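Enquirer: For reference, this is query15.txt, and it has compact mmCIF, C-alpha atoms and all ligand atoms.
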# COMPACT_ATOMS: atom_id res chain seq x y z
CA MET A 1 -17.85 15.06 19.09
CA SER A 2 -17.38 11.36 18.39
CA ALA A 3 -14.48 10.25 16.18
CA PRO A 4 -15.17 10.36 12.44
CA ILE A 5 -16.21 7.31 10.46
CA ILE A 6 -13.84 6.32 7.69
CA VAL A 7 -14.27 4.02 4.69
CA GLY A 8 -11.35 2.38 2.89
CA ILE A 9 -11.55 0.07 -0.13
CA ASP A 10 -8.42 -1.98 -0.84
CA ILE A 11 -8.72 -3.25 -4.41
CA GLY A 12 -6.17 -6.05 -4.61
CA THR A 13 -5.36 -8.63 -7.25
CA THR A 14 -6.68 -11.48 -5.11
CA LYS A 15 -9.16 -9.84 -2.72
CA ILE A 16 -11.20 -6.68 -2.29
CA CYS A 17 -11.59 -5.45 1.25
CA THR A 18 -13.95 -2.65 2.24
CA LEU A 19 -13.65 -1.43 5.81
CA VAL A 20 -15.90 0.94 7.71
CA ALA A 21 -13.98 2.10 10.75
CA ARG A 22 -13.63 4.64 13.47
CA VAL A 23 -10.28 5.67 14.92
CA GLU A 24 -10.53 6.00 18.67
CA ASP A 25 -8.28 7.68 21.21
CA GLY A 26 -4.74 6.29 21.24
CA GLY A 27 -4.85 5.43 17.53
CA ARG A 28 -6.86 2.26 18.13
CA VAL A 29 -8.97 1.38 15.09
CA ARG A 30 -12.51 0.14 15.74
CA ILE A 31 -13.84 -1.81 12.77
CA LEU A 32 -17.58 -1.24 12.33
CA GLY A 33 -18.08 -3.07 9.04
CA VAL A 34 -16.08 -5.47 6.86
CA GLY A 35 -16.60 -6.70 3.31
CA ILE A 36 -13.95 -9.13 2.08
CA GLU A 37 -14.58 -10.65 -1.35
CA PRO A 38 -12.38 -12.53 -3.81
CA SER A 39 -11.16 -10.13 -6.47
CA GLN A 40 -12.21 -10.48 -10.09
CA GLY A 41 -11.25 -8.59 -13.23
CA ILE A 42 -8.08 -7.16 -11.62
CA ARG A 43 -4.55 -8.11 -12.70
CA LYS A 44 -1.38 -6.64 -11.22
CA GLY A 45 -3.48 -3.96 -9.55
CA ALA A 46 -5.19 -2.85 -12.78
CA VAL A 47 -8.71 -3.44 -14.06
CA VAL A 48 -8.75 -5.92 -16.95
CA ASP A 49 -12.49 -6.69 -16.93
CA LEU A 50 -14.71 -3.74 -15.98
CA ALA A 51 -17.90 -5.71 -15.41
CA ALA A 52 -16.28 -8.43 -13.29
CA ALA A 53 -14.29 -5.93 -11.23
CA SER A 54 -17.35 -3.70 -10.69
CA GLN A 55 -19.36 -6.66 -9.46
CA ALA A 56 -16.66 -7.85 -7.06
CA ILE A 57 -16.22 -4.32 -5.68
CA SER A 58 -19.97 -3.94 -5.35
CA ARG A 59 -20.24 -7.22 -3.40
CA SER A 60 -17.50 -6.08 -1.05
CA ILE A 61 -19.17 -2.68 -0.48
CA ASP A 62 -22.59 -4.31 0.06
CA LYS A 63 -21.13 -6.62 2.68
CA ALA A 64 -19.46 -3.73 4.51
CA GLU A 65 -22.74 -1.78 4.42
CA ARG A 66 -24.68 -4.74 5.76
CA THR A 67 -22.25 -5.45 8.57
CA SER A 68 -21.94 -1.80 9.61
CA GLY A 69 -25.57 -0.80 9.00
CA LEU A 70 -24.32 2.32 7.23
CA GLU A 71 -24.64 3.48 3.64
CA ILE A 72 -21.30 4.17 1.98
CA THR A 73 -21.18 7.11 -0.42
CA SER A 74 -17.45 7.83 -0.59
CA ALA A 75 -14.20 6.16 0.31
CA LEU A 76 -10.43 6.16 0.13
CA VAL A 77 -9.22 3.61 -2.39
CA SER A 78 -5.85 1.86 -2.63
CA MET A 79 -3.98 1.96 -5.89
CA THR A 80 -1.07 -0.03 -7.25
CA GLY A 81 0.35 -1.50 -10.44
CA PRO A 82 3.43 -1.27 -12.62
CA HIS A 83 1.89 1.84 -14.27
CA VAL A 84 2.69 3.81 -11.11
CA SER A 85 5.88 5.83 -11.21
CA SER A 86 7.54 8.36 -8.97
CA LEU A 87 10.06 11.17 -9.16
CA ASN A 88 11.67 13.66 -6.83
CA SER A 89 11.35 17.32 -7.67
CA SER A 90 11.91 20.64 -5.97
CA GLY A 91 10.11 23.98 -5.97
CA VAL A 92 11.46 27.40 -5.02
CA VAL A 93 9.39 30.29 -3.67
CA GLY A 94 10.03 33.70 -2.18
CA VAL A 95 8.70 33.94 1.37
CA SER A 96 5.93 36.49 1.40
CA ASN A 97 6.24 37.97 4.90
CA GLN A 98 9.76 36.87 5.84
CA VAL A 99 8.14 34.37 8.23
CA ILE A 100 7.25 31.10 6.56
CA ASP A 101 3.62 30.04 6.81
CA GLU A 102 1.53 27.16 5.45
CA GLN A 103 0.64 29.15 2.34
CA ASP A 104 4.34 29.41 1.46
CA ILE A 105 4.72 25.65 1.81
CA ALA A 106 1.65 25.08 -0.36
CA ARG A 107 3.10 27.42 -3.01
CA GLY A 108 6.43 25.58 -2.78
CA LEU A 109 4.72 22.22 -3.31
CA ASP A 110 2.72 23.74 -6.13
CA SER A 111 5.93 24.83 -7.78
CA ALA A 112 7.56 21.40 -7.19
CA ARG A 113 4.58 19.71 -8.77
CA ALA A 114 4.82 21.87 -11.90
CA VAL A 115 7.04 19.30 -13.61
CA ALA A 116 6.15 18.15 -17.09
CA ILE A 117 3.78 15.22 -16.66
CA PRO A 118 2.45 13.61 -19.87
CA HIS A 119 -1.25 14.27 -20.40
CA ASN A 120 -2.06 10.58 -20.01
CA ARG A 121 -0.76 10.52 -16.40
CA GLU A 122 -2.27 11.86 -13.20
CA ILE A 123 -0.49 13.06 -10.07
CA ILE A 124 -1.70 11.10 -7.05
CA HIS A 125 0.58 12.28 -4.26
CA VAL A 126 2.87 15.28 -3.79
CA ILE A 127 4.74 14.60 -0.56
CA GLN A 128 7.23 16.97 0.99
CA ARG A 129 10.65 15.49 1.86
CA GLY A 130 12.51 18.44 3.30
CA PHE A 131 13.19 22.16 2.99
CA THR A 132 16.09 24.49 2.34
CA VAL A 133 15.68 28.04 3.67
CA ASP A 134 18.18 30.68 2.52
CA GLY A 135 20.75 27.99 1.75
CA GLN A 136 20.33 26.03 4.98
CA ASP A 137 19.21 22.52 4.10
CA GLY A 138 17.86 19.64 6.16
CA ILE A 139 14.96 21.64 7.60
CA ARG A 140 12.03 19.42 8.52
CA MET A 141 9.26 21.89 9.27
CA PRO A 142 9.92 25.54 8.45
CA VAL A 143 6.56 27.05 9.51
CA GLY A 144 7.30 30.05 11.74
CA MET A 145 10.96 30.28 10.65
CA HIS A 146 12.44 33.45 9.18
CA GLY A 147 13.74 33.49 5.62
CA TYR A 148 13.52 34.98 2.16
CA ARG A 149 13.90 32.01 -0.15
CA MET A 150 12.50 28.55 0.51
CA GLU A 151 13.08 25.41 -1.50
CA VAL A 152 10.77 22.42 -1.05
CA GLU A 153 11.92 18.90 -1.94
CA ALA A 154 8.94 16.78 -2.94
CA HIS A 155 8.26 13.18 -3.87
CA ILE A 156 5.69 13.01 -6.66
CA ILE A 157 3.76 9.86 -7.48
CA THR A 158 1.91 9.56 -10.77
CA ALA A 159 -0.26 6.86 -12.32
CA ALA A 160 -1.75 6.15 -15.72
CA ALA A 161 -4.90 8.29 -15.99
CA SER A 162 -6.76 5.50 -17.81
CA SER A 163 -6.08 3.02 -14.96
CA LEU A 164 -7.42 5.52 -12.43
CA ASP A 165 -10.47 6.24 -14.58
CA ASN A 166 -11.21 2.52 -14.81
CA LEU A 167 -11.06 2.24 -11.02
CA ARG A 168 -13.30 5.32 -10.68
CA GLN A 169 -15.80 3.72 -13.03
CA CYS A 170 -15.81 0.39 -11.16
CA VAL A 171 -16.21 1.98 -7.73
CA GLY A 172 -18.61 4.62 -9.08
CA SER A 173 -20.94 1.93 -10.43
CA SER A 174 -21.72 1.10 -6.77
CA GLY A 175 -22.66 4.74 -6.15
CA VAL A 176 -19.43 5.38 -4.22
CA GLU A 177 -17.25 8.37 -4.99
CA ILE A 178 -13.49 8.02 -4.62
CA ASN A 179 -12.36 10.63 -2.16
CA GLN A 180 -8.68 9.98 -2.66
CA PHE A 181 -6.39 7.31 -4.11
CA VAL A 182 -3.64 6.15 -1.79
CA LEU A 183 -0.62 4.28 -3.10
CA ASN A 184 -0.62 0.77 -1.62
CA PRO A 185 2.78 0.86 0.21
CA LEU A 186 2.07 4.29 1.71
CA ALA A 187 -1.13 2.94 3.28
CA SER A 188 0.65 -0.22 4.49
CA ALA A 189 3.48 1.86 5.95
CA GLU A 190 1.03 3.65 8.25
CA VAL A 191 0.30 0.26 9.82
CA VAL A 192 3.65 -1.49 9.90
CA LEU A 193 6.38 1.12 10.26
CA THR A 194 7.51 2.34 13.67
CA ASP A 195 8.53 5.97 14.15
CA THR A 196 12.12 4.88 14.78
CA GLU A 197 12.30 2.91 11.54
CA ARG A 198 10.77 5.83 9.64
CA GLU A 199 13.40 8.18 11.07
CA MET A 200 16.41 5.87 10.78
CA GLY A 201 15.68 4.78 7.21
CA ALA A 202 13.70 1.70 6.25
CA VAL A 203 11.96 0.19 3.27
CA VAL A 204 8.38 -1.05 3.48
CA CYS A 205 7.60 -3.95 1.18
CA ASP A 206 4.04 -5.20 0.61
CA ILE A 207 4.03 -8.42 -1.43
CA GLY A 208 0.47 -9.14 -2.54
CA GLY A 209 -0.94 -11.50 -5.14
CA GLY A 210 -0.04 -9.60 -8.31
CA THR A 211 2.27 -6.82 -7.17
CA THR A 212 5.24 -6.07 -4.95
CA ASN A 213 5.15 -2.56 -3.52
CA LEU A 214 8.10 -0.71 -2.06
CA ALA A 215 8.37 2.60 -0.24
CA ILE A 216 11.61 3.99 1.15
CA PHE A 217 11.33 6.16 4.27
CA ILE A 218 14.26 8.26 5.42
CA GLU A 219 14.28 10.96 8.10
CA GLY A 220 10.57 10.46 8.64
CA ASP A 221 9.47 11.07 5.05
CA VAL A 222 8.89 9.09 1.85
CA TRP A 223 11.88 9.41 -0.45
CA HIS A 224 11.15 6.78 -3.03
CA THR A 225 8.32 4.44 -4.12
CA MET A 226 8.08 1.70 -6.72
CA VAL A 227 5.75 -1.07 -7.81
CA LEU A 228 6.85 -4.35 -9.41
CA GLY A 229 4.38 -6.47 -11.35
CA VAL A 230 5.18 -9.73 -9.54
CA GLY A 231 3.63 -11.29 -6.46
CA GLY A 232 2.26 -14.44 -4.85
CA ASN A 233 0.28 -15.42 -7.95
CA HIS A 234 3.53 -15.85 -9.83
CA ILE A 235 4.81 -18.20 -7.13
CA THR A 236 1.57 -20.19 -7.41
CA SER A 237 1.83 -20.29 -11.22
CA ASP A 238 5.36 -21.66 -10.94
CA VAL A 239 4.12 -24.35 -8.54
CA ALA A 240 1.25 -25.16 -10.90
CA HIS A 241 3.66 -25.58 -13.82
CA GLY A 242 6.38 -27.31 -11.83
CA LEU A 243 4.10 -29.90 -10.19
CA ARG A 244 1.50 -29.98 -13.02
CA LEU A 245 -1.40 -28.92 -10.86
CA PRO A 246 -4.46 -26.74 -11.46
CA PHE A 247 -3.91 -23.20 -10.15
CA THR A 248 -6.34 -23.54 -7.21
CA GLN A 249 -4.67 -26.74 -6.06
CA ALA A 250 -1.21 -25.20 -6.47
CA GLU A 251 -2.37 -22.31 -4.27
CA GLU A 252 -3.50 -24.77 -1.56
CA VAL A 253 -0.25 -26.70 -1.76
CA LYS A 254 1.78 -23.48 -1.54
CA ILE A 255 -0.13 -22.32 1.55
CA HIS A 256 -0.08 -25.69 3.38
CA HIS A 257 3.36 -27.03 2.43
CA GLY A 258 5.23 -24.02 1.05
CA HIS A 259 8.50 -22.68 2.42
CA ALA A 260 10.88 -20.07 1.05
CA LEU A 261 14.07 -21.95 1.95
CA MET A 262 15.35 -25.40 1.03
CA SER A 263 17.41 -25.27 4.22
CA GLY A 264 14.21 -24.71 6.25
CA ILE A 265 12.66 -28.11 5.51
CA ASN A 266 13.39 -31.74 6.16
CA SER A 267 14.49 -33.54 2.97
CA SER A 268 12.38 -36.62 3.75
CA GLU A 269 9.04 -34.78 3.84
CA ASN A 270 6.31 -35.74 1.34
CA PHE A 271 2.72 -34.77 0.69
CA SER A 272 0.10 -36.10 -1.69
CA VAL A 273 -1.68 -34.26 -4.51
CA ARG A 274 -3.76 -35.17 -7.51
CA ALA A 275 -1.82 -33.87 -10.49
CA PHE A 276 -3.09 -33.42 -14.07
CA GLY A 277 -3.37 -36.77 -15.82
CA GLN A 278 -3.28 -38.77 -12.56
CA GLU A 279 -6.29 -40.75 -11.42
CA LYS A 280 -5.11 -41.13 -7.87
CA PRO A 281 -3.23 -38.75 -5.58
CA VAL A 282 0.51 -39.12 -5.94
CA ASP A 283 3.24 -38.41 -3.40
CA VAL A 284 5.36 -35.32 -4.05
CA ARG A 285 8.61 -34.53 -2.29
CA ARG A 286 8.30 -31.25 -0.40
CA GLU A 287 11.80 -30.46 -1.64
CA ASP A 288 10.46 -30.27 -5.22
CA LEU A 289 7.84 -27.73 -4.17
CA VAL A 290 10.22 -25.61 -2.11
CA HIS A 291 12.81 -25.65 -4.88
CA VAL A 292 10.29 -23.92 -7.19
CA ILE A 293 9.16 -21.43 -4.53
CA GLU A 294 12.68 -20.54 -3.42
CA ALA A 295 13.75 -19.72 -6.98
CA ARG A 296 10.85 -17.34 -7.56
CA VAL A 297 11.03 -15.62 -4.16
CA GLU A 298 14.76 -15.17 -4.56
CA GLU A 299 14.14 -13.59 -7.96
CA ILE A 300 11.55 -11.18 -6.48
CA PHE A 301 14.03 -10.04 -3.82
CA SER A 302 16.82 -9.73 -6.41
CA LEU A 303 14.55 -7.38 -8.38
CA MET A 304 14.08 -5.39 -5.19
CA VAL A 305 17.84 -5.14 -4.68
CA GLN A 306 18.14 -3.66 -8.17
CA GLU A 307 15.29 -1.21 -7.55
CA ILE A 308 16.67 -0.08 -4.19
CA LYS A 309 20.13 0.38 -5.74
CA ARG A 310 18.62 2.33 -8.62
CA SER A 311 16.92 4.67 -6.14
CA GLY A 312 20.36 5.63 -4.85
CA PHE A 313 19.23 5.33 -1.22
CA ASP A 314 20.58 1.82 -0.62
CA GLY A 315 23.17 3.01 1.87
CA LEU A 316 20.60 4.89 3.96
CA LEU A 317 18.48 2.04 5.27
CA PRO A 318 19.94 0.88 8.60
CA ALA A 319 16.51 -0.22 9.90
CA GLY A 320 16.24 -2.61 6.96
CA MET A 321 13.01 -3.92 5.48
CA VAL A 322 9.55 -4.27 6.99
CA LEU A 323 7.76 -6.96 5.04
CA THR A 324 3.97 -7.24 4.81
CA GLY A 325 1.18 -8.24 2.37
CA GLY A 326 -0.37 -11.71 2.03
CA SER A 327 2.76 -13.32 0.61
CA SER A 328 4.82 -12.36 3.66
CA ALA A 329 3.01 -15.23 5.44
CA LEU A 330 5.21 -17.70 3.51
CA PRO A 331 7.41 -19.46 6.10
CA GLY A 332 11.11 -18.65 5.80
CA ILE A 333 10.54 -15.53 3.66
CA SER A 334 12.14 -13.06 6.08
CA LYS A 335 15.32 -15.15 6.33
CA LEU A 336 15.62 -15.43 2.56
CA ALA A 337 14.90 -11.71 2.17
CA SER A 338 17.56 -10.86 4.71
CA GLU A 339 20.12 -13.03 2.89
CA VAL A 340 19.40 -11.57 -0.55
CA LEU A 341 19.00 -7.95 0.54
CA ASN A 342 21.77 -8.10 3.10
CA MET A 343 19.74 -6.10 5.63
CA PRO A 344 17.58 -6.81 8.69
CA VAL A 345 14.05 -7.91 7.76
CA ARG A 346 10.96 -8.23 9.96
CA ILE A 347 7.39 -9.19 9.12
CA ALA A 348 4.57 -6.94 10.32
CA LYS A 349 0.79 -7.00 10.34
CA PRO A 350 -2.03 -4.83 11.70
CA GLU A 351 -2.22 -4.64 15.50
CA LYS A 352 -4.30 -2.63 17.95
CA LEU A 353 -7.65 -3.34 16.27
CA THR A 354 -11.02 -3.68 17.95
CA GLY A 355 -14.50 -4.49 16.67
CA MET A 356 -15.10 -6.89 13.77
CA VAL A 357 -11.50 -7.97 13.43
CA ASP A 358 -11.78 -11.74 12.89
CA LYS A 359 -9.62 -11.98 9.78
CA LEU A 360 -7.88 -8.63 9.84
CA HIS A 361 -4.89 -9.48 12.04
CA SER A 362 -3.04 -10.73 8.98
CA PRO A 363 -0.37 -9.07 6.82
CA ALA A 364 -2.77 -9.29 3.85
CA PHE A 365 -4.82 -6.50 5.45
CA SER A 366 -2.07 -3.96 6.14
CA THR A 367 -3.14 -1.83 3.16
CA SER A 368 -6.83 -1.99 4.13
CA ILE A 369 -6.19 -0.85 7.71
CA GLY A 370 -3.57 1.60 6.40
CA LEU A 371 -6.26 3.37 4.37
CA VAL A 372 -8.18 4.02 7.58
CA LEU A 373 -5.10 5.42 9.33
CA TRP A 374 -4.23 7.50 6.28
CA ALA A 375 -7.72 9.00 6.24
CA MET A 376 -7.41 9.82 9.90
CA LEU A 377 -4.13 11.69 9.30
CA MET A 378 -5.47 13.53 6.27
CA ASP A 379 -8.79 14.54 7.64
CA GLU A 380 -7.84 15.34 11.17
CA TYR A 381 -9.39 18.78 10.91
CA ASP A 382 -11.83 17.98 8.17
CA PRO A 383 -13.34 14.71 9.21
CA VAL A 384 -15.78 12.41 7.56
CA ILE A 385 -19.18 13.69 8.46
CA SER A 386 -22.53 12.02 8.62
CA SER A 387 -25.20 14.32 7.27
CA ARG A 388 -27.79 11.65 7.87
CA PRO A 389 -27.21 9.01 10.50
CA GLU A 390 -26.96 6.27 7.89
CA THR A 391 -24.93 8.20 5.31
CA ILE A 392 -21.19 8.51 5.27
CA HIS A 393 -19.41 11.02 3.16
CA TYR A 394 -16.37 13.20 3.19
CA ARG A 395 -16.38 16.92 2.86
CA ASN A 396 -14.78 16.70 -0.51
CA GLY A 397 -11.49 18.18 -1.66
CA GLN A 398 -10.58 20.17 -4.71
CA ASN A 399 -6.96 20.81 -5.59
CA TRP A 400 -6.26 23.25 -2.79
CA ASP A 401 -7.79 20.87 -0.28
CA ARG A 402 -5.49 18.16 -1.58
CA PHE A 403 -2.50 20.38 -0.85
CA LYS A 404 -3.86 20.97 2.61
CA ASP A 405 -4.20 17.22 2.98
CA VAL A 406 -0.59 16.69 2.09
CA LEU A 407 0.46 19.43 4.47
CA LYS A 408 -1.59 18.05 7.32
CA ARG A 409 0.03 14.69 6.88
CA PHE A 410 3.37 16.21 7.78
CA LEU A 411 2.42 18.93 10.21
CA PRO A 412 3.10 17.98 13.83
N1 LIG B 1 0.54 -18.77 4.15
C1 LIG B 1 0.85 -18.27 2.96
N2 LIG B 1 1.96 -18.69 2.33
C2 LIG B 1 2.26 -18.21 1.12
N3 LIG B 1 1.54 -17.29 0.45
C3 LIG B 1 0.43 -16.87 1.03
C4 LIG B 1 0.02 -17.30 2.31
N4 LIG B 1 -1.14 -16.68 2.63
C5 LIG B 1 -1.43 -15.86 1.58
N5 LIG B 1 -0.51 -15.97 0.62
C6 LIG B 1 -0.47 -15.29 -0.68
O1 LIG B 1 -0.75 -13.93 -0.54
C7 LIG B 1 -1.25 -13.43 -1.78
C8 LIG B 1 -2.38 -12.48 -1.50
O2 LIG B 1 -1.88 -11.41 -0.77
P1 LIG B 1 -2.71 -10.07 -0.61
O3 LIG B 1 -4.07 -10.36 -0.08
O4 LIG B 1 -1.86 -9.11 0.13
O5 LIG B 1 -2.82 -9.64 -2.16
P2 LIG B 1 -3.71 -8.53 -2.85
O6 LIG B 1 -3.76 -7.33 -1.98
O7 LIG B 1 -5.02 -9.11 -3.26
O8 LIG B 1 -2.88 -8.27 -4.19
P3 LIG B 1 -2.07 -6.98 -4.70
O9 LIG B 1 -1.77 -6.12 -3.51
O10 LIG B 1 -0.83 -7.53 -5.34
O11 LIG B 1 -2.95 -6.33 -5.71
C9 LIG B 1 -1.67 -14.64 -2.58
O12 LIG B 1 -0.79 -14.81 -3.67
C10 LIG B 1 -1.56 -15.79 -1.60
O13 LIG B 1 -1.15 -16.98 -2.23
MG MG B 2 -2.58 -5.67 -1.70
Using structure tokens, write down the structure from this file.

Expert:
Amino acid sequence: MSAPIIVGIDIGTTKICTLVARVEDGGRVRILGVGIEPSQGIRKGAVVDLAAASQAISRSIDKAERTSGLEITSALVSMTGPHVSSLNSSGVVGVSNQVIDEQDIARGLDSARAVAIPHNREIIHVIQRGFTVDGQDGIRMPVGMHGYRMEVEAHIITAAASSLDNLRQCVGSSGVEINQFVLNPLASAEVVLTDTEREMGAVVCDIGGGTTNLAIFIEGDVWHTMVLGVGGNHITSDVAHGLRLPFTQAEEVKIHHGHALMSGINSSENFSVRAFGQEKPVDVRREDLVHVIEARVEEIFSLMVQEIKRSGFDGLLPAGMVLTGGSSALPGISKLASEVLNMPVRIAKPEKLTGMVDKLHSPAFSTSIGLVLWAMLMDEYDPVISSRPETIHYRNGQNWDRFKDVLKRFLP
């Protein structure tokens, strides 16, 4: 049987990327169709204009359908925004047959998930972090072990139900059903994190246009996630205000002349721009630009320091930070991050891709490719099937199937 076909839609603040892909042997992703479109009607990961967002998503899906020659009927969709929140919870169950099986784990997760969640929020992920069996903690995978009482530690991620419904409506207007939402940094982590980093303790950080997404991995599992409502657009806005430029021109200037560190540039460098109220291009010192950028980037990393400290896991991250997302392309950003966070920082982007990959080897597409890898992990035994040659759809999951999905993600 050939490998399943997977569809991921990354709905970002600046771009929407639909990928049709197949994961081949050795984890290599073959891209069969791509639809990259500028985003509209999305701010900080949330829909602010339904019609504009629906149209942009529809254009991206159409493009992916045209390039792949396949009709898309369902997909995994990325999700982010400051409305996302997470908590750790635990669930206790009695082991039914004295030997722990998958049903016991599912019941344990079920019990962990039974925390009081306000009616206006939806649970998106319930991820196991570890087990305690008859008082012995630190157990990674208890299936097959003997015991009477099992405690499951779980990381639960919730989002505002209205934000999810708006996304469902936008994607649904193109005739595509959302198979599962995947939190942005969890998808990115599938692409950028090595197994060693995941085990040792590392934080994945995806800095996009409107959001900064963090996920802390310790001992192989997700222990903490958070989303900040700041990103590259805020840097561009600062440049626009500081140099008195229209936003689009500020964006160009940031990408061509930007740097995260004053110490990384030569103080005599200049470039010319046409500012508001100027008839002719004027010379601007690069120092003035970098001064503005450095202040904002430093502030973003200071916010991260606070968030990581608040999580309580700040002492457990020897592998440091893996930085990705479009804004990680800013020169000097890893050095500044390392200075502010006081930890090793590396930048990562999707590798090992084949097929239509022209633009995808960039950190901006970590989430998009991550959705494909996530789908592969989730649906290993329940793959995307094509009922007609040109139709893609998933065998769809109800609640129990979602539990199975979570389990599969962590079963060896
Ligand atoms: N070379 C570069 N230097 C600085 N910033 C860059 C560079 N290339 C891209 N960016 C920034 O990356 C951002 C877009 O990143 P990305 O595509 O990851 O965002 P997104 O996924 O659309 O947004 P989000 O994930 O926040 O919803 C923009 O703000 C853009 O200015
Ligand atoms: Mg993004």

Enquirer: Figure out the distance between atom CA of A:Val290 and atom CA of A:Ile333, please, to one decimal in Å.

Expert: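 Going from atom CA of A:Ile333 over to atom CA of A:Val290 covers 11.6 Å.
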
Enquirer: Rank nothing, just name the residue among A:Ile347, A:Ala51, A:Val176, A:Ile293 nearest to ligand LIG 1 (chain B), using all atoms listed in the file.

Expert: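 Using all atoms listed in the file, ligand LIG 1 (chain B) sits closest to A:Ile293.
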
Enquirer: Name each residue within 12 Å of ligand MG 2 (chain B), counting all atoms listed in the file, as a ChimeraX atom specification.

Expert: /A:9-17,39,42-46,77-81,182-188,205-214,227,229-233,324-328,362-371

Enquirer: Would you list the contacts of stretch 254-269 of chain A as a list in words, taking every protein, DNA or RNA residue within 9 Å and counting all atoms listed in the file, but skipping same-chain residues closer than 2 positions in sequence?

Expert: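 Everything that qualifies: Ile235, Thr236, Val239, Gln249, Ala250, Glu251, Glu252, Phe271, Val284, Arg285, Arg286, Glu287, Leu289, Val290, His291, Ile293, Glu294, Ala295, Val297, Glu298, Ala329, Leu330, Pro331, Gly332, Ile333, Ser334, Lys335 and Leu336 of chain A.
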
Enquirer: Which value, in Å to one decimal, gives the distance between atom CA of A:Ile61 and atom CA of A:Gln40?

Expert: 14.2 Å

Enquirer: Taking all atoms listed in the file into account, name the residue in A:Ile36, A:Leu50, A:Leu243, A:Val204 that is nearest to ligand LIG 1 (chain B).

Expert: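 So, comparing all the options, the nearest one is A:Ile36.
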